[in-house]
file model15.cif (mmCIF, C-alpha atoms)
data_final
#
loop_
_atom_site.label_atom_id
_atom_site.label_comp_id
_atom_site.auth_asym_id
_atom_site.auth_seq_id
_atom_site.Cartn_x
_atom_site.Cartn_y
_atom_site.Cartn_z
CA MET A 1 -15.14 -37.16 -4.60
CA THR A 2 -11.60 -38.41 -4.07
CA GLN A 3 -11.43 -39.53 -7.68
CA ILE A 4 -12.62 -36.16 -8.91
CA LEU A 5 -9.92 -34.34 -6.96
CA GLY A 6 -7.30 -37.03 -7.48
CA THR A 7 -5.91 -35.82 -10.80
CA LYS A 8 -5.68 -32.53 -12.54
CA LYS A 9 -7.36 -33.90 -15.65
CA ALA A 10 -10.39 -35.19 -13.76
CA ALA A 11 -11.23 -31.85 -12.23
CA ARG A 12 -13.08 -29.49 -14.53
CA VAL A 13 -12.12 -26.51 -12.40
CA HIS A 14 -8.79 -26.74 -10.61
CA LEU A 15 -9.07 -26.49 -6.84
CA ALA A 16 -6.55 -23.64 -6.99
CA TRP A 17 -9.35 -21.35 -8.09
CA ALA A 18 -11.50 -22.32 -5.08
CA VAL A 19 -8.59 -21.63 -2.72
CA ALA A 20 -8.04 -18.28 -4.44
CA ALA A 21 -11.76 -17.49 -4.04
CA VAL A 22 -11.64 -18.15 -0.28
CA GLY A 23 -8.51 -16.01 -0.07
CA PHE A 24 -10.32 -13.26 -1.96
CA VAL A 25 -13.24 -13.25 0.51
CA THR A 26 -10.86 -13.24 3.48
CA LEU A 27 -8.84 -10.34 2.08
CA ILE A 28 -12.04 -8.38 1.42
CA GLY A 29 -12.78 -8.62 5.14
CA ALA A 30 -9.24 -7.68 6.15
CA ALA A 31 -9.42 -4.53 4.03
CA GLY A 32 -12.78 -3.60 5.50
CA PHE A 33 -11.54 -3.95 9.07
CA ARG A 34 -8.54 -1.74 8.34
CA SER A 35 -10.71 0.95 6.73
CA VAL A 36 -12.86 1.58 9.80
CA PRO A 37 -10.55 3.93 11.80
CA GLY A 38 -10.06 6.32 8.86
CA VAL A 39 -13.80 7.05 8.76
CA LEU A 40 -14.08 7.36 12.55
CA LEU A 41 -11.38 10.01 13.09
CA ASP A 42 -13.87 12.85 13.47
CA PRO A 43 -16.50 10.93 15.53
CA LEU A 44 -13.82 9.82 18.01
CA HIS A 45 -12.41 13.34 18.15
CA ASP A 46 -15.86 14.80 18.77
CA GLU A 47 -16.81 12.35 21.54
CA PHE A 48 -13.53 12.01 23.44
CA GLY A 49 -11.68 15.20 22.51
CA TRP A 50 -8.61 13.25 21.41
CA SER A 51 -6.40 15.02 18.87
CA HIS A 52 -6.14 13.83 15.29
CA ALA A 53 -2.50 12.94 15.98
CA THR A 54 -3.50 10.74 18.93
CA ILE A 55 -6.19 8.89 16.97
CA SER A 56 -3.85 8.62 13.99
CA ALA A 57 -1.29 6.98 16.29
CA ALA A 58 -3.68 4.03 16.72
CA VAL A 59 -3.98 3.82 12.95
CA SER A 60 -0.19 3.97 12.71
CA ILE A 61 0.24 1.06 15.14
CA ASN A 62 -2.33 -0.87 13.12
CA LEU A 63 -0.54 -0.15 9.86
CA LEU A 64 2.88 -0.86 11.35
CA LEU A 65 1.87 -4.24 12.78
CA TYR A 66 0.03 -5.05 9.55
CA GLY A 67 3.43 -4.97 7.91
CA LEU A 68 5.79 -6.20 10.62
CA ILE A 69 3.72 -9.29 11.39
CA SER A 70 3.64 -10.27 7.70
CA PRO A 71 6.99 -12.09 7.32
CA PHE A 72 6.47 -14.00 10.58
CA ALA A 73 2.93 -14.87 9.50
CA ALA A 74 4.27 -16.20 6.18
CA ALA A 75 6.73 -18.44 8.04
CA LEU A 76 4.00 -19.47 10.50
CA MET A 77 1.74 -20.45 7.60
CA ASP A 78 4.49 -22.84 6.49
CA ARG A 79 4.60 -24.38 9.95
CA LEU A 80 0.99 -24.35 11.21
CA GLY A 81 -0.95 -24.09 7.96
CA LEU A 82 -3.07 -21.45 6.33
CA ARG A 83 -6.32 -22.35 8.08
CA ARG A 84 -5.00 -22.09 11.63
CA VAL A 85 -3.19 -18.83 11.08
CA VAL A 86 -5.97 -17.09 9.14
CA SER A 87 -8.84 -18.22 11.39
CA GLY A 88 -6.88 -17.16 14.48
CA ALA A 89 -6.24 -13.78 12.89
CA LEU A 90 -9.97 -13.27 12.25
CA VAL A 91 -10.76 -13.99 15.91
CA LEU A 92 -8.19 -11.39 16.99
CA ILE A 93 -9.78 -8.82 14.69
CA ALA A 94 -13.23 -9.54 16.11
CA LEU A 95 -11.92 -9.06 19.66
CA GLY A 96 -10.07 -5.85 18.79
CA SER A 97 -13.03 -4.30 17.00
CA GLY A 98 -15.68 -5.44 19.45
CA LEU A 99 -13.85 -4.30 22.58
CA THR A 100 -13.63 -0.70 21.32
CA VAL A 101 -17.25 -0.10 22.32
CA PHE A 102 -16.16 -0.23 25.98
CA MET A 103 -13.18 2.14 25.74
CA ASN A 104 -12.97 5.49 27.53
CA ALA A 105 -9.25 6.28 27.26
CA SER A 106 -6.94 6.75 24.29
CA TRP A 107 -4.58 3.94 25.35
CA GLN A 108 -7.48 1.52 24.93
CA LEU A 109 -7.84 2.64 21.31
CA LEU A 110 -4.14 1.91 20.83
CA LEU A 111 -4.60 -1.56 22.35
CA THR A 112 -7.71 -2.56 20.37
CA TRP A 113 -7.58 -0.96 16.91
CA GLY A 114 -3.82 -0.62 17.11
CA LEU A 115 -2.47 -3.86 18.62
CA LEU A 116 -5.17 -6.54 18.28
CA VAL A 117 -6.54 -5.53 14.87
CA GLY A 118 -3.01 -4.81 13.64
CA ILE A 119 -1.79 -8.30 14.52
CA GLY A 120 -4.93 -9.86 13.05
CA THR A 121 -4.83 -8.07 9.73
CA GLY A 122 -1.06 -8.46 9.54
CA SER A 123 -1.47 -12.23 9.71
CA MET A 124 -3.45 -12.22 6.46
CA SER A 125 -1.81 -9.40 4.57
CA MET A 126 -0.18 -9.41 1.15
CA THR A 127 2.10 -12.29 2.18
CA PHE A 128 -1.09 -14.37 2.26
CA VAL A 129 -1.47 -13.47 -1.42
CA ALA A 130 2.14 -14.41 -2.17
CA THR A 131 1.75 -17.72 -0.30
CA ILE A 132 -1.41 -18.75 -2.17
CA THR A 133 -0.06 -17.83 -5.60
CA GLY A 134 3.34 -19.39 -4.87
CA ARG A 135 1.87 -22.72 -3.76
CA TRP A 136 -1.17 -23.08 -6.00
CA PHE A 137 -0.23 -21.42 -9.31
CA VAL A 138 2.50 -21.67 -11.91
CA GLU A 139 0.50 -20.26 -14.80
CA ARG A 140 -1.49 -17.06 -14.27
CA ARG A 141 0.48 -16.12 -11.15
CA GLY A 142 0.61 -12.44 -11.99
CA LEU A 143 -3.06 -12.32 -12.87
CA VAL A 144 -4.14 -14.13 -9.68
CA THR A 145 -1.85 -11.90 -7.62
CA GLY A 146 -3.63 -8.92 -9.14
CA ILE A 147 -7.07 -10.37 -8.45
CA LEU A 148 -6.28 -11.19 -4.81
CA THR A 149 -4.65 -7.82 -4.28
CA ALA A 150 -7.79 -6.21 -5.70
CA ALA A 151 -9.73 -7.84 -2.85
CA GLY A 152 -8.43 -5.05 -0.65
CA ALA A 153 -10.04 -2.49 -2.92
CA THR A 154 -13.27 -4.48 -2.99
CA GLY A 155 -13.36 -4.55 0.80
CA GLN A 156 -12.84 -0.81 0.88
CA LEU A 157 -15.65 -0.37 -1.65
CA ILE A 158 -18.04 -2.45 0.45
CA PHE A 159 -17.15 -1.22 3.92
CA LEU A 160 -16.37 2.50 3.57
CA PRO A 161 -19.85 3.77 2.59
CA LEU A 162 -21.48 1.36 5.04
CA ILE A 163 -19.25 2.43 7.92
CA ALA A 164 -19.72 6.12 7.14
CA ALA A 165 -23.51 5.74 6.96
CA LEU A 166 -23.71 3.68 10.17
CA ALA A 167 -21.47 6.14 12.02
CA ALA A 168 -23.51 9.11 10.84
CA ASN A 169 -26.86 7.55 11.80
CA TYR A 170 -26.05 5.40 14.83
CA GLY A 171 -22.66 6.53 16.16
CA TRP A 172 -19.23 4.97 15.80
CA ARG A 173 -19.90 1.93 18.03
CA VAL A 174 -22.28 0.25 15.59
CA PRO A 175 -19.75 0.01 12.72
CA ALA A 176 -17.17 -1.31 15.19
CA LEU A 177 -19.56 -4.15 16.10
CA VAL A 178 -20.37 -4.77 12.43
CA ALA A 179 -16.66 -5.21 11.71
CA ALA A 180 -16.34 -7.67 14.61
CA GLY A 181 -19.31 -9.74 13.41
CA SER A 182 -18.04 -9.76 9.84
CA ALA A 183 -14.66 -11.13 10.95
CA LEU A 184 -16.28 -14.00 12.82
CA ALA A 185 -18.55 -14.78 9.86
CA VAL A 186 -15.55 -15.52 7.63
CA VAL A 187 -13.99 -18.09 10.01
CA PRO A 188 -16.19 -21.05 8.91
CA LEU A 189 -15.32 -20.42 5.24
CA VAL A 190 -11.63 -20.56 6.04
CA LEU A 191 -11.89 -23.73 8.12
CA ILE A 192 -14.02 -25.58 5.57
CA PHE A 193 -12.59 -24.57 2.19
CA LEU A 194 -9.00 -23.35 2.56
CA ARG A 195 -6.27 -25.91 1.82
CA ASP A 196 -2.53 -25.58 2.32
CA TYR A 197 -0.93 -27.36 -0.67
CA PRO A 198 -2.19 -28.95 -3.92
CA SER A 199 -0.38 -32.15 -2.95
CA ASP A 200 -2.64 -32.45 0.11
CA VAL A 201 -5.50 -33.31 -2.26
CA GLY A 202 -3.49 -35.15 -4.89
CA LEU A 203 -2.98 -32.22 -7.28
CA ARG A 204 -0.14 -30.25 -8.80
CA ALA A 205 -0.11 -26.48 -8.81
CA TYR A 206 -2.24 -24.93 -11.55
CA GLY A 207 -0.28 -24.99 -14.81
CA ALA A 208 2.57 -27.11 -13.42
CA PRO A 209 3.92 -29.68 -15.92
CA GLU A 210 4.13 -33.42 -15.28
CA GLY A 211 6.89 -34.21 -12.78
CA SER A 212 6.99 -30.69 -11.37
CA LEU A 213 7.54 -30.18 -7.66
CA ALA A 214 5.37 -27.06 -7.68
CA GLY A 215 2.57 -27.40 -5.15
CA GLN A 216 4.26 -30.18 -3.20
CA ARG A 217 4.12 -29.89 0.59
CA VAL A 218 7.39 -28.78 2.13
CA GLU A 219 7.64 -29.57 5.81
CA ALA A 220 8.89 -26.56 7.77
CA THR A 221 11.62 -27.24 10.30
CA GLY A 222 12.86 -25.08 13.13
CA SER A 223 11.41 -21.85 14.42
CA SER A 224 9.13 -19.83 12.17
CA ALA A 225 10.55 -16.62 13.63
CA LEU A 226 14.09 -17.82 12.94
CA ARG A 227 13.25 -18.64 9.33
CA ALA A 228 11.74 -15.18 8.82
CA LEU A 229 14.82 -13.52 10.31
CA THR A 230 17.19 -15.72 8.30
CA ALA A 231 15.39 -14.79 5.08
CA LEU A 232 15.73 -11.11 6.02
CA ARG A 233 19.44 -11.47 6.74
CA THR A 234 20.06 -13.17 3.40
CA ALA A 235 17.93 -10.74 1.42
CA SER A 236 19.43 -7.66 3.08
CA ARG A 237 22.80 -8.45 1.50
CA ARG A 238 21.41 -7.62 -1.92
CA PRO A 239 20.81 -4.02 -3.07
CA ALA A 240 17.65 -5.14 -4.90
CA PHE A 241 15.99 -5.84 -1.53
CA TRP A 242 16.62 -2.29 -0.29
CA MET A 243 15.39 -0.73 -3.52
CA LEU A 244 12.20 -2.80 -3.36
CA ALA A 245 11.73 -2.06 0.34
CA GLY A 246 12.40 1.66 -0.08
CA GLY A 247 10.00 1.99 -2.98
CA PHE A 248 7.32 0.02 -1.21
CA ALA A 249 7.70 2.16 1.92
CA ILE A 250 6.86 5.19 -0.21
CA CYS A 251 4.00 3.24 -1.77
CA GLY A 252 2.53 2.68 1.70
CA ALA A 253 3.05 6.30 2.72
CA SER A 254 1.24 7.59 -0.36
CA THR A 255 -1.71 5.15 -0.17
CA ASN A 256 -2.79 3.61 3.16
CA GLY A 257 -0.95 6.10 5.34
CA LEU A 258 -1.96 9.32 3.59
CA ILE A 259 -4.95 8.91 1.27
CA GLY A 260 -6.50 5.94 3.06
CA THR A 261 -6.28 7.54 6.51
CA HIS A 262 -6.68 11.26 5.83
CA PHE A 263 -8.54 11.81 2.55
CA VAL A 264 -11.99 11.89 4.18
CA THR A 265 -10.90 14.42 6.81
CA ALA A 266 -8.98 16.51 4.26
CA ALA A 267 -11.99 16.69 1.96
CA HIS A 268 -14.21 17.57 4.91
CA ASP A 269 -11.80 20.43 5.73
CA HIS A 270 -12.73 21.86 2.32
CA GLY A 271 -16.44 21.66 3.09
CA MET A 272 -17.23 18.29 1.55
CA PRO A 273 -19.72 16.13 3.52
CA VAL A 274 -18.10 13.11 5.19
CA THR A 275 -20.41 10.65 3.46
CA THR A 276 -19.52 12.13 0.05
CA ALA A 277 -15.81 11.99 0.80
CA ALA A 278 -16.09 8.40 2.05
CA SER A 279 -17.97 7.43 -1.10
CA LEU A 280 -15.23 8.98 -3.25
CA LEU A 281 -12.61 7.05 -1.33
CA ALA A 282 -14.65 3.90 -1.81
CA LEU A 283 -14.66 4.58 -5.56
CA VAL A 284 -10.89 4.37 -5.43
CA GLY A 285 -11.59 0.74 -4.59
CA VAL A 286 -13.81 0.32 -7.65
CA PHE A 287 -11.09 1.38 -10.05
CA ASP A 288 -8.39 -0.30 -7.99
CA VAL A 289 -9.98 -3.66 -8.76
CA GLY A 290 -9.54 -3.13 -12.49
CA GLY A 291 -6.16 -1.44 -12.17
CA THR A 292 -4.65 -4.19 -10.04
CA ILE A 293 -5.96 -7.02 -12.21
CA ILE A 294 -4.61 -5.27 -15.31
CA SER A 295 -1.29 -4.79 -13.50
CA GLY A 296 -1.16 -8.52 -12.75
CA TRP A 297 -1.86 -9.31 -16.41
CA LEU A 298 0.88 -6.89 -17.49
CA THR A 299 3.32 -8.39 -14.97
CA ASP A 300 3.00 -11.77 -16.70
CA ARG A 301 4.12 -10.09 -19.94
CA TRP A 302 6.28 -7.02 -19.26
CA ASP A 303 9.37 -6.15 -17.24
CA PRO A 304 7.98 -5.44 -13.73
CA ARG A 305 10.58 -2.72 -13.14
CA TYR A 306 9.17 -0.57 -15.93
CA LEU A 307 5.69 -0.97 -14.52
CA LEU A 308 6.85 0.27 -11.10
CA ILE A 309 8.59 3.28 -12.65
CA ALA A 310 5.38 4.27 -14.43
CA TYR A 311 3.13 3.69 -11.40
CA TYR A 312 5.23 5.73 -8.97
CA SER A 313 5.88 8.59 -11.40
CA LEU A 314 2.22 9.08 -12.28
CA ARG A 315 1.12 8.76 -8.64
CA GLY A 316 3.54 11.48 -7.59
CA LEU A 317 2.22 13.88 -10.20
CA SER A 318 -1.38 13.29 -9.11
CA LEU A 319 -0.56 14.04 -5.45
CA LEU A 320 1.09 17.33 -6.37
CA VAL A 321 -2.13 18.61 -7.97
CA LEU A 322 -4.55 17.20 -5.37
CA PRO A 323 -4.67 20.33 -3.11
CA SER A 324 -6.06 22.35 -6.01
CA LEU A 325 -8.80 19.79 -6.67
CA LEU A 326 -10.43 19.53 -3.24
CA GLY A 327 -13.60 21.55 -2.64
CA PRO A 328 -17.05 21.46 -1.03
CA SER A 329 -18.48 19.31 -3.82
CA ALA A 330 -17.30 16.54 -6.10
CA GLN A 331 -16.26 18.46 -9.20
CA PRO A 332 -15.16 16.66 -12.42
CA SER A 333 -11.49 17.29 -11.59
CA ILE A 334 -11.68 15.34 -8.33
CA TRP A 335 -13.45 12.53 -10.16
CA VAL A 336 -10.49 12.34 -12.56
CA PHE A 337 -8.14 12.10 -9.58
CA ILE A 338 -10.22 9.37 -7.95
CA ILE A 339 -10.33 7.30 -11.14
CA PHE A 340 -6.61 7.65 -11.75
CA TYR A 341 -5.58 7.03 -8.15
CA GLY A 342 -7.84 4.02 -8.01
CA LEU A 343 -6.20 2.48 -11.08
CA ASP A 344 -2.77 3.09 -9.54
CA TRP A 345 -3.56 2.35 -5.85
CA VAL A 346 -2.02 -1.11 -5.36
CA ALA A 347 -1.01 -1.80 -8.94
CA THR A 348 2.53 -1.91 -7.50
CA VAL A 349 1.91 -5.24 -5.74
CA PRO A 350 2.03 -7.75 -8.67
CA PRO A 351 5.34 -6.45 -10.10
CA THR A 352 6.86 -6.24 -6.60
CA VAL A 353 5.83 -9.84 -5.81
CA ALA A 354 7.28 -10.92 -9.16
CA LEU A 355 10.62 -9.24 -8.46
CA CYS A 356 10.79 -10.82 -4.99
CA ARG A 357 10.20 -14.22 -6.57
CA GLU A 358 12.88 -13.58 -9.20
CA TRP A 359 15.48 -12.47 -6.69
CA PHE A 360 14.75 -14.71 -3.71
CA GLY A 361 13.18 -17.89 -5.10
CA VAL A 362 11.45 -20.17 -2.57
CA ASP A 363 11.86 -17.54 0.16
CA GLY A 364 10.13 -14.99 -2.05
CA PRO A 365 6.86 -14.86 -0.02
CA ILE A 366 8.78 -14.32 3.24
CA VAL A 367 11.05 -11.71 1.69
CA PHE A 368 8.00 -10.03 0.24
CA GLY A 369 6.68 -10.01 3.80
CA TRP A 370 9.66 -7.89 4.82
CA VAL A 371 9.25 -5.66 1.78
CA PHE A 372 5.60 -5.30 2.72
CA ALA A 373 6.66 -4.48 6.29
CA SER A 374 8.51 -1.48 4.87
CA HIS A 375 5.28 -0.56 3.05
CA GLN A 376 3.46 -0.40 6.37
CA ILE A 377 6.29 1.44 8.15
CA GLY A 378 5.95 4.10 5.47
CA ALA A 379 2.16 4.05 5.90
CA ALA A 380 2.45 4.38 9.69
CA LEU A 381 4.87 7.31 9.44
CA ALA A 382 2.64 9.05 6.92
CA ALA A 383 -0.52 8.47 8.98
CA THR A 384 1.01 10.05 12.08
CA GLY A 385 3.00 12.68 10.20
CA ALA A 386 0.06 13.90 8.13
CA GLY A 387 -2.08 14.08 11.28
CA ALA A 388 0.59 16.18 12.97
CA ILE A 389 0.85 18.46 9.91
CA ARG A 390 -2.93 18.92 10.01
CA ASP A 391 -2.83 19.80 13.73
CA VAL A 392 -0.01 22.34 13.30
CA GLN A 393 -0.85 23.95 9.95
CA GLY A 394 -4.60 23.42 9.77
CA SER A 395 -4.37 21.74 6.36
CA TYR A 396 -2.84 18.73 4.64
CA ASN A 397 -1.21 20.60 1.75
CA LEU A 398 2.38 20.02 2.86
CA ALA A 399 1.66 16.30 3.29
CA TRP A 400 0.46 16.01 -0.32
CA TYR A 401 3.54 17.80 -1.67
CA LEU A 402 5.99 15.72 0.38
CA ALA A 403 4.33 12.49 -0.75
CA GLY A 404 4.51 13.58 -4.40
CA GLY A 405 8.25 14.16 -4.12
CA LEU A 406 8.79 10.82 -2.43
CA CYS A 407 7.00 9.02 -5.27
CA ALA A 408 9.60 10.42 -7.68
CA ALA A 409 12.30 8.89 -5.46
CA ALA A 410 10.47 5.52 -5.56
CA ALA A 411 10.49 5.61 -9.36
CA LEU A 412 14.27 6.11 -9.31
CA MET A 413 14.70 3.21 -6.88
CA SER A 414 12.70 0.94 -9.16
CA ALA A 415 14.82 1.93 -12.14
CA SER A 416 17.97 0.83 -10.30
CA ILE A 417 16.78 -2.77 -9.70
CA GLY A 418 18.43 -5.38 -11.90
CA ARG A 419 16.95 -8.65 -13.17
CA ARG A 420 17.95 -12.00 -11.71
CA LEU A 421 15.88 -14.93 -12.94
CA VAL A 422 16.04 -17.84 -10.49
CA ALA A 423 15.24 -21.44 -11.24
CA SER A 424 11.60 -22.03 -12.05
CA ASP A 425 9.31 -23.71 -9.57
CA ALA A 426 8.70 -26.28 -12.18
CA ALA A 427 12.34 -27.23 -12.39
#

call {"tool": "encode", "arguments": {"input": "model15.cif", "output": "structure tokens"}}
result
Amino acid sequence: MTQILGTKKAARVHLAWAVAAVGFVTLIGAAGFRSVPGVLLDPLHDEFGWSHATISAAVSINLLLYGLISPFAAALMDRLGLRRVVSGALVLIALGSGLTVFMNASWQLLLTWGLLVGIGTGSMSMTFVATITGRWFVERRGLVTGILTAAGATGQLIFLPLIAALAANYGWRVPALVAAGSALAVVPLVLIFLRDYPSDVGLRAYGAPEGSLAGQRVEATGSSALRALTALRTASRRPAFWMLAGGFAICGASTNGLIGTHFVTAAHDHGMPVTTAASLLALVGVFDVGGTIISGWLTDRWDPRYLLIAYYSLRGLSLLVLPSLLGPSAQPSIWVFIIFYGLDWVATVPPTVALCREWFGVDGPIVFGWVFASHQIGAALAATGAGAIRDVQGSYNLAWYLAGGLCAAAALMSASIGRRLVASDAA
């Protein structure tokens, strides 16, 4: 066994692909756990009488922590290793989801789905993707980034219809317990199969040339929190960081915060059954898989800035027409929206990761963690803001229009980013 793994030539399939596969399964679960509250807005409102804004606040905390924990989790992965951080995160998610069945006050929802699940999912967010691709791949980085990012869509596809059906037939507590059990089920896979660096098993990173340092273990020194903050301080001196962070904040507002949290309720406001709306949202995940993988492939070949300009511009236009498409049934026009939005959903991730790597080199995954934190700040603001708009105006129309305008601003931010190619990992 040692001989098989000892050299790159001896292994028919590079271990990098096995590590990526475990990461894919883990990220599927993380996406599923995050998708639960969006489907349970109405059941929680009906049982406890809590306002949509109050329930959305728990989602906002979840989304906010999902982003803010990311850069610290990336630094912690350097210090403690992928397996410890990811398995600990899954246990936190199981606790947060499972304890909700005992809650009877809104602050308990904030503590469980907000705090515990937020910290857990934040510890294996998109920085987990950047860490795996940065350590294990030189060739096919963009493609693998796209595939791992698509795991979020796959998790949404698997969990959303299941959660909606379980909630409709058995109440909201059953899907909460299913999410807890699913999180625990992934822990053994992480402990057994996930590895930190190629050098730990005598390999180089996939596609790294002879003599390359890519994939070699780098011992972290000092505080993980300090390293994350130092990377932020250094990155914040460059305008490119703020353009990436600003654009990604709008990305989060227009996806997880708005569509991911409120689409089911908004469609139901127009007379559409909840299960139909949840299935449509799950279909976003179907097309997101293809869209994100294609985006990763394109990122290996095209200027990532131009990709971001196209993604944000087209997303903004689609949001502006969404209010006219919603109705009591799934008409062809809403199907067109779902297909397009799915293709565009997280297609922004591969080019954003690539630009972080270009501008910030070895600290790219940590800097991307901060950029991703801005994504979740935008998502959190949109989740709460759209809920408040719904409570005050009785519809989400204003939220769709505001998000469409913001996407145009994100396209302009992306256009202003320069190119700065840093030394290759293989150097």

call {"tool": "atom_distance", "arguments": {"input": "model15.cif", "atom1": "atom CA of A:Leu244", "atom2": "atom CA of A:Val336"}}
result
28.8 Å

call {"tool": "residues_around", "arguments": {"input": "model15.cif", "residues": "A:Val289", "least_positions_apart": "5", "cutoff": "12 Å", "atoms": "only C-alpha atoms", "output": "JSON list (two decimals) with C-alpha atoms, in the frame of the given file"}}
result
[["chain", "number", "residue", "atom", "x", "y", "z"],
["A", 24, "PHE", "CA", -10.32, -13.26, -1.96],
["A", 28, "ILE", "CA", -12.04, -8.38, 1.42],
["A", 143, "LEU", "CA", -3.06, -12.32, -12.87],
["A", 145, "THR", "CA", -1.85, -11.90, -7.62],
["A", 146, "GLY", "CA", -3.63, -8.92, -9.14],
["A", 147, "ILE", "CA", -7.07, -10.37, -8.45],
["A", 148, "LEU", "CA", -6.28, -11.19, -4.81],
["A", 149, "THR", "CA", -4.65, -7.82, -4.28],
["A", 150, "ALA", "CA", -7.79, -6.21, -5.70],
["A", 151, "ALA", "CA", -9.73, -7.84, -2.85],
["A", 152, "GLY", "CA", -8.43, -5.05, -0.65],
["A", 153, "ALA", "CA", -10.04, -2.49, -2.92],
["A", 154, "THR", "CA", -13.27, -4.48, -2.99],
["A", 155, "GLY", "CA", -13.36, -4.55, 0.80],
["A", 156, "GLN", "CA", -12.84, -0.81, 0.88],
["A", 157, "LEU", "CA", -15.65, -0.37, -1.65],
["A", 282, "ALA", "CA", -14.65, 3.90, -1.81],
["A", 283, "LEU", "CA", -14.66, 4.58, -5.56],
["A", 284, "VAL", "CA", -10.89, 4.37, -5.43],
["A", 294, "ILE", "CA", -4.61, -5.27, -15.31],
["A", 295, "SER", "CA", -1.29, -4.79, -13.50],
["A", 296, "GLY", "CA", -1.16, -8.52, -12.75],
["A", 339, "ILE", "CA", -10.33, 7.30, -11.14],
["A", 341, "TYR", "CA", -5.58, 7.03, -8.15],
["A", 342, "GLY", "CA", -7.84, 4.02, -8.01],
["A", 343, "LEU", "CA", -6.20, 2.48, -11.08],
["A", 344, "ASP", "CA", -2.77, 3.09, -9.54],
["A", 345, "TRP", "CA", -3.56, 2.35, -5.85],
["A", 346, "VAL", "CA", -2.02, -1.11, -5.36],
["A", 347, "ALA", "CA", -1.01, -1.80, -8.94]]

call {"tool": "closest_atom_pairs", "arguments": {"input": "model15.cif", "of": "stretch 6-79 of chain A", "to": "stretch 255-258 of chain A", "cutoff": "9 Å", "atoms": "only C-alpha atoms", "output": "Markdown table"}}
result
| residue | atom | partner | partner_atom | distance |
| --- | --- | --- | --- | --- |
| A:Val59 | CA | A:Gly257 | CA | 8.5 |
| A:Ser60 | CA | A:Gly257 | CA | 7.7 |
| A:Leu63 | CA | A:Gly257 | CA | 7.7 |

call {"tool": "resolve_selection", "arguments": {"input": "model15.cif", "expression": "the PyMOL selection byres ((chain A and resi 406-419) around 6)", "output": "list in words"}}
result
Ala240, Met243, Gly247, Arg305, Ile309, Tyr312, Ser313, Gly316, Ala403, Gly404, Gly405 and Arg420 of chain A

call {"tool": "closest_residue", "arguments": {"input": "model15.cif", "among": "A:Gly88, A:Pro239, A:Pro350, A:Pro161", "to": "A:Leu307", "atoms": "all atoms listed in the file"}}
result
A:Pro350

call {"tool": "closest_residue", "arguments": {"input": "model15.cif", "among": "A:Ile163, A:Leu402, A:Ala267, A:Leu189", "to": "A:Ile389", "atoms": "all atoms listed in the file"}}
result
A:Leu402

call {"tool": "atom_distance", "arguments": {"input": "model15.cif", "atom1": "atom CA of A:Arg315", "atom2": "atom CA of A:Val371"}}
result
19.6 Å

call {"tool": "axis_aligned_box", "arguments": {"input": "model15.cif", "around": "stretch 295-313 of chain A", "padding_each_side": "5 Å", "output": "JSON"}}
result
{"center_x": 4.4, "center_y": -1.6, "center_z": -14.5, "size_x": 22.4, "size_y": 30.4, "size_z": 21.0}

call {"tool": "closest_atom_pairs", "arguments": {"input": "model15.cif", "of": "stretch 117-202 of chain A", "to": "stretch 67-80 of chain A", "cutoff": "7 Å", "atoms": "all atoms listed in the file", "output": "tab-separated table"}}
result
residue	atom	partner	partner_atom	distance
A:Ile119	CA	A:Ile69	CA	6.4
A:Gly122	CA	A:Ile69	CA	5.2
A:Ser123	CA	A:Ala73	CA	5.1
A:Ser125	CA	A:Ser70	CA	6.3
A:Thr127	CA	A:Ala74	CA	6.0
A:Phe128	CA	A:Ala74	CA	6.9

call {"tool": "atom_distance", "arguments": {"input": "model15.cif", "atom1": "atom CA of A:Ile93", "atom2": "atom CA of A:Thr54"}}
result
21.0 Å

call {"tool": "residues_around", "arguments": {"input": "model15.cif", "residues": "A:Ser374", "least_positions_apart": "6", "cutoff": "7 Å", "atoms": "all atoms listed in the file", "output": "ChimeraX atom specification"}}
result
/A:67,245,248-249

call {"tool": "residues_around", "arguments": {"input": "model15.cif", "residues": "A:Gly118", "least_positions_apart": "6", "cutoff": "6 Å", "atoms": "all atoms listed in the file", "output": "list of chain:residue names"}}
result
A:Asn62, A:Leu65, A:Tyr66

call {"tool": "write_last_selection", "arguments": {"input": "model15.cif", "atoms": "C-alpha atoms", "output": "PDB file, in the frame of the given file"}}
result
ATOM      1  CA  ASN A  62      -2.330  -0.870  13.120  1.00  0.00           C
ATOM      2  CA  LEU A  65       1.870  -4.240  12.780  1.00  0.00           C
ATOM      3  CA  TYR A  66       0.030  -5.050   9.550  1.00  0.00           C
TER       4      TYR A  66
END

call {"tool": "closest_residue", "arguments": {"input": "model15.cif", "among": "A:Thr299, A:Gln216, A:Ser106, A:Ser199", "to": "A:Ile55", "atoms": "all atoms listed in the file"}}
result
A:Ser106

call {"tool": "closest_residue", "arguments": {"input": "model15.cif", "among": "A:Tyr197, A:Trp297, A:Phe337, A:Tyr396", "to": "A:Thr133", "atoms": "all atoms listed in the file"}}
result
A:Tyr197

call {"tool": "residues_around", "arguments": {"input": "model15.cif", "residues": "A:Thr276", "least_positions_apart": "4", "cutoff": "10 Å", "atoms": "only C-alpha atoms", "output": "short mmCIF file (atom, residue, chain, number, x, y, z; two decimals) with C-alpha atoms, in the coordinates of the input"}}
result
data_model
loop_
_atom_site.label_atom_id
_atom_site.label_comp_id
_atom_site.auth_asym_id
_atom_site.auth_seq_id
_atom_site.Cartn_x
_atom_site.Cartn_y
_atom_site.Cartn_z
CA PRO A 161 -19.85 3.77 2.59
CA ALA A 164 -19.72 6.12 7.14
CA VAL A 264 -11.99 11.89 4.18
CA ALA A 267 -11.99 16.69 1.96
CA HIS A 268 -14.21 17.57 4.91
CA MET A 272 -17.23 18.29 1.55
CA LEU A 280 -15.23 8.98 -3.25
CA LEU A 281 -12.61 7.05 -1.33
CA ALA A 282 -14.65 3.90 -1.81
CA PRO A 328 -17.05 21.46 -1.03
CA SER A 329 -18.48 19.31 -3.82
CA ALA A 330 -17.30 16.54 -6.10
#
